[in-house]
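Source file: model17.cif. Holds: mmCIF, C-alpha atoms.
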data_my_file
loop_
_atom_site.label_atom_id
_atom_site.label_comp_id
_atom_site.auth_asym_id
_atom_site.auth_seq_id
_atom_site.Cartn_x
_atom_site.Cartn_y
_atom_site.Cartn_z
CA MET H 76 135.80 85.56 67.80
CA SER H 77 136.48 81.89 68.38
CA THR H 78 134.47 79.94 70.91
CA SER H 79 137.52 79.60 73.18
CA GLU H 80 137.95 83.36 73.69
CA ALA H 81 136.49 84.83 76.88
CA PRO H 82 134.17 87.81 76.45
CA GLN H 83 135.66 91.17 77.32
CA GLY H 84 134.31 92.71 80.46
CA LEU H 85 135.06 93.14 84.11
CA ASN H 86 138.50 92.27 85.40
CA ALA H 87 138.95 89.66 88.15
CA GLU H 88 138.80 92.16 91.02
CA GLN H 89 135.72 93.87 89.57
CA LEU H 90 134.02 90.49 89.14
CA GLN H 91 134.68 89.67 92.81
CA VAL H 92 133.24 93.02 93.95
CA TRP H 93 130.28 92.76 91.58
CA GLY H 94 129.59 89.19 92.76
CA SER H 95 129.49 90.36 96.37
CA LEU H 96 127.26 93.33 95.57
CA ALA H 97 124.92 91.30 93.35
CA THR H 98 124.55 88.71 96.11
CA LEU H 99 123.76 91.45 98.63
CA LEU H 100 121.19 92.96 96.24
CA GLU H 101 119.44 89.57 96.09
CA ARG H 102 119.66 88.53 99.75
CA LEU H 103 118.94 91.74 101.66
CA PRO H 104 115.51 92.50 100.14
CA VAL H 105 114.41 88.91 100.75
CA ALA H 106 115.41 89.11 104.43
CA LEU H 107 113.72 92.50 104.90
CA ASP H 108 110.52 91.39 103.16
CA ALA H 109 110.36 88.14 105.15
CA GLN H 110 110.58 89.94 108.51
CA LEU H 111 108.06 92.64 107.60
CA GLN H 112 105.60 90.14 106.09
CA ARG H 113 105.85 87.87 109.12
CA ASP H 114 105.65 90.56 111.78
CA SER H 115 103.57 93.32 110.16
CA ASP H 116 101.79 92.06 107.02
CA LEU H 117 103.79 94.57 104.95
CA THR H 118 106.31 94.34 102.15
CA HIS H 119 109.52 96.30 102.45
CA PHE H 120 108.23 98.57 99.68
CA GLU H 121 104.96 99.22 101.53
CA HIS H 122 106.78 99.91 104.77
CA GLY H 123 109.01 102.39 102.95
CA VAL H 124 105.94 104.17 101.57
CA LEU H 125 104.33 104.36 105.01
CA PHE H 126 107.57 105.50 106.64
CA ALA H 127 108.16 108.23 104.03
CA LEU H 128 104.62 109.50 104.57
CA ASP H 129 105.01 109.35 108.34
CA THR H 130 108.09 111.58 108.21
CA ALA H 131 106.63 114.04 105.65
CA PRO H 132 105.05 117.36 106.66
CA ASP H 133 101.40 116.73 107.54
CA ARG H 134 102.09 113.05 106.73
CA THR H 135 101.27 113.92 103.11
CA LEU H 136 103.16 113.71 99.81
CA ARG H 137 102.24 113.96 96.17
CA MET H 138 102.12 110.51 94.63
CA SER H 139 104.70 111.62 92.05
CA THR H 140 107.11 112.71 94.79
CA LEU H 141 106.52 109.50 96.73
CA ALA H 142 107.16 107.45 93.58
CA GLY H 143 110.48 109.23 93.15
CA TYR H 144 111.45 108.55 96.75
CA ALA H 145 110.48 104.90 96.36
CA SER H 146 112.29 104.58 93.02
CA SER H 147 108.99 103.34 91.69
CA THR H 148 106.73 103.87 88.74
CA LEU H 149 103.46 105.63 89.47
CA SER H 150 101.69 102.44 88.43
CA ARG H 151 103.51 100.30 91.02
CA LEU H 152 102.98 102.94 93.69
CA SER H 153 99.28 103.21 92.82
CA ARG H 154 98.84 99.44 93.26
CA ALA H 155 100.64 99.60 96.62
CA ALA H 156 98.60 102.65 97.66
CA ALA H 157 95.39 100.77 96.79
CA ARG H 158 96.47 97.88 99.05
CA LEU H 159 97.37 100.31 101.84
CA GLU H 160 94.06 102.16 101.37
CA SER H 161 92.12 98.89 101.63
CA LYS H 162 93.73 98.35 105.04
CA GLY H 163 92.91 101.90 106.14
CA TRP H 164 96.53 103.04 106.39
CA VAL H 165 96.61 105.54 103.52
CA ARG H 166 94.06 107.65 101.71
CA ARG H 167 94.41 109.47 98.43
CA ALA H 168 92.92 112.85 97.52
CA PRO H 169 93.32 115.45 94.78
CA ASP H 170 95.94 118.07 95.58
CA PRO H 171 93.95 121.23 96.45
CA LYS H 172 96.83 123.37 95.13
CA ASP H 173 96.83 121.63 91.75
CA GLY H 174 94.11 119.11 90.93
CA ARG H 175 96.31 117.43 88.33
CA PHE H 176 98.21 115.81 91.20
CA THR H 177 97.10 113.23 93.74
CA LEU H 178 98.17 113.32 97.38
CA ALA H 179 98.94 110.27 99.47
CA ILE H 180 97.97 110.89 103.09
CA LEU H 181 98.90 108.67 106.01
CA THR H 182 95.93 107.95 108.26
CA GLU H 183 96.08 107.66 112.04
CA ASP H 184 95.85 103.87 111.64
CA GLY H 185 98.74 104.10 109.16
CA HIS H 186 100.77 106.10 111.66
CA ASP H 187 100.04 103.43 114.28
CA LYS H 188 101.17 100.75 111.80
CA VAL H 189 104.47 102.59 111.30
CA LEU H 190 104.95 102.85 115.06
CA LEU H 191 104.30 99.11 115.46
CA SER H 192 106.30 97.86 112.46
CA THR H 193 109.37 100.06 112.58
CA PRO H 194 111.18 98.87 115.74
CA ALA H 195 111.55 95.24 114.60
CA HIS H 196 112.41 96.34 111.07
CA HIS H 197 115.09 98.75 112.29
CA ALA H 198 116.44 96.06 114.63
CA LEU H 199 116.88 93.72 111.66
CA VAL H 200 118.56 96.46 109.60
CA GLU H 201 120.86 97.21 112.52
CA HIS H 202 121.73 93.52 112.86
CA LEU H 203 122.21 92.78 109.16
CA VAL H 204 123.92 96.00 108.10
CA PHE H 205 125.29 98.12 110.91
CA ASP H 206 126.48 95.41 113.31
CA ALA H 207 128.65 94.03 110.48
CA LEU H 208 130.46 97.34 109.88
CA SER H 209 132.76 99.73 111.68
CA GLN H 210 131.78 103.41 111.93
CA THR H 211 134.26 104.20 109.16
CA GLN H 212 132.71 101.52 106.97
CA VAL H 213 129.22 102.88 107.69
CA ARG H 214 130.29 106.32 106.45
CA GLN H 215 131.94 104.71 103.41
CA LEU H 216 128.79 102.70 102.69
CA GLN H 217 126.73 105.88 102.75
CA ALA H 218 129.08 107.63 100.32
CA ILE H 219 129.35 104.61 98.03
CA SER H 220 125.59 103.99 98.05
CA HIS H 221 124.91 107.64 97.25
CA ARG H 222 127.35 107.64 94.31
CA ILE H 223 126.00 104.43 92.80
CA SER H 224 122.41 105.54 93.30
CA ALA H 225 123.13 108.89 91.60
CA ALA H 226 124.82 107.07 88.70
CA VAL H 227 121.67 104.96 88.25
CA ASN H 228 119.20 107.81 88.59
CA THR H 229 119.77 111.49 89.32
CA ALA H 230 116.24 112.02 90.69
CA PRO H 231 116.17 113.23 94.30
CA ALA H 232 116.25 110.38 96.77
CA TRP H 233 114.40 110.23 100.08
CA THR H 234 116.51 111.39 102.99
CA ALA H 235 115.85 110.93 106.64
CA PRO H 236 114.50 114.02 108.40
CA THR H 237 116.95 115.88 110.59
CA VAL H 238 116.76 114.68 114.17
CA ARG H 239 116.31 117.55 116.57
#
Could you render the structure from this file as structure tokens?
Amino acid sequence: MSTSEAPQGLNAEQLQVWGSLATLLERLPVALDAQLQRDSDLTHFEHGVLFALDTAPDRTLRMSTLAGYASSTLSRLSRAAARLESKGWVRRAPDPKDGRFTLAILTEDGHDKVLLSTPAHHALVEHLVFDALSQTQVRQLQAISHRISAAVNTAPAWTAPTVR
């Protein structure tokens, strides 16, 4: 191939879409982290861990399940859990049903932290994501996000509990 030939790859339309998505993937986590750090002394990842535990039965999940929900390695989750434990928001214990597993358990202080941190976080998500879209686009975003996520990793993803 001569130096003047362009590499084969995405077409012009795909490059435009990918550029928009790649920019979103860079900007959104920074905005979410900044708000949570400023207002709640949490990263977006840590808030997600606390929120998943808060919505789980008995506010408890196996670390391996939580890692899957967080799209995280067990090592990364363990480091985050150690930080959350040091603040009194999470505790870890052997699973009494199978001691090979470790449970992550949200403490009462952790539950209080979720109650305090979630409204401002959800307000930012509403502003940055949902206010910019029509209802049709919101449904399309859900479908598109699900398909891309499943193409990346077929492991079960966290889903919001059914509102009663």
Inset, instruction - Given the file shown, enumerate the residues that the PyMOL selection byres ((chain H and resi 183) around 10) captures and present them as a list in words. - result: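 That selection, the PyMOL selection byres ((chain H and resi 183) around 10), comes back as Asp129, Arg134, Gly163, Trp164, Val165, Ile180, Leu181, Thr182, Asp184, Gly185, His186, Asp187, Lys188 and Val189 of chain H.
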Inset, instruction - Run the PyMOL selection byres ((chain H and resi 224-235) around 12) against the file shown and list the residues it catches, as a count of residues only. - result: 30
Can you translate the PyMOL selection byres ((chain H and resi 108) around 12) into the concrete residues it hits in this file, as a PDB file with C-alpha atoms, keeping the file's coordinate frame?
ATOM      1  CA  GLU H 101     119.440  89.570  96.090  1.00  0.00           C
ATOM      2  CA  ARG H 102     119.660  88.530  99.750  1.00  0.00           C
ATOM      3  CA  LEU H 103     118.940  91.740 101.660  1.00  0.00           C
ATOM      4  CA  PRO H 104     115.510  92.500 100.140  1.00  0.00           C
ATOM      5  CA  VAL H 105     114.410  88.910 100.750  1.00  0.00           C
ATOM      6  CA  ALA H 106     115.410  89.110 104.430  1.00  0.00           C
ATOM      7  CA  LEU H 107     113.720  92.500 104.900  1.00  0.00           C
ATOM      8  CA  ALA H 109     110.360  88.140 105.150  1.00  0.00           C
ATOM      9  CA  GLN H 110     110.580  89.940 108.510  1.00  0.00           C
ATOM     10  CA  LEU H 111     108.060  92.640 107.600  1.00  0.00           C
ATOM     11  CA  GLN H 112     105.600  90.140 106.090  1.00  0.00           C
ATOM     12  CA  ARG H 113     105.850  87.870 109.120  1.00  0.00           C
ATOM     13  CA  ASP H 114     105.650  90.560 111.780  1.00  0.00           C
ATOM     14  CA  SER H 115     103.570  93.320 110.160  1.00  0.00           C
ATOM     15  CA  ASP H 116     101.790  92.060 107.020  1.00  0.00           C
ATOM     16  CA  LEU H 117     103.790  94.570 104.950  1.00  0.00           C
ATOM     17  CA  THR H 118     106.310  94.340 102.150  1.00  0.00           C
ATOM     18  CA  HIS H 119     109.520  96.300 102.450  1.00  0.00           C
ATOM     19  CA  PHE H 120     108.230  98.570  99.680  1.00  0.00           C
ATOM     20  CA  GLU H 121     104.960  99.220 101.530  1.00  0.00           C
ATOM     21  CA  HIS H 122     106.780  99.910 104.770  1.00  0.00           C
ATOM     22  CA  GLY H 123     109.010 102.390 102.950  1.00  0.00           C
ATOM     23  CA  HIS H 196     112.410  96.340 111.070  1.00  0.00           C
ATOM     24  CA  LEU H 199     116.880  93.720 111.660  1.00  0.00           C
ATOM     25  CA  VAL H 200     118.560  96.460 109.600  1.00  0.00           C
TER      26      VAL H 200
END
Taking 4 positions as the minimum chain separation for residues in the same chain, which residues sit within 7 Å of H:Met138 when counting all atoms listed in the file? Answer as a compact mmCIF listing (two decimals) with C-alpha atoms, in the coordinates of the input.
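Just written: result.txt:
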# COMPACT_ATOMS: atom_id res chain seq x y z
CA ALA H 142 107.16 107.45 93.58
CA THR H 177 97.10 113.23 93.74
CA LEU H 178 98.17 113.32 97.38
CA ALA H 179 98.94 110.27 99.47
Inset, instruction - Can you work out which one of H:Ala207, H:Leu149, H:Leu125, H:Ala157 has the shortest atom-to-atom distance to H:Thr193, counting only C-alpha atoms? - result: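 That would be H:Leu125, the residue with the smallest distance to H:Thr193.
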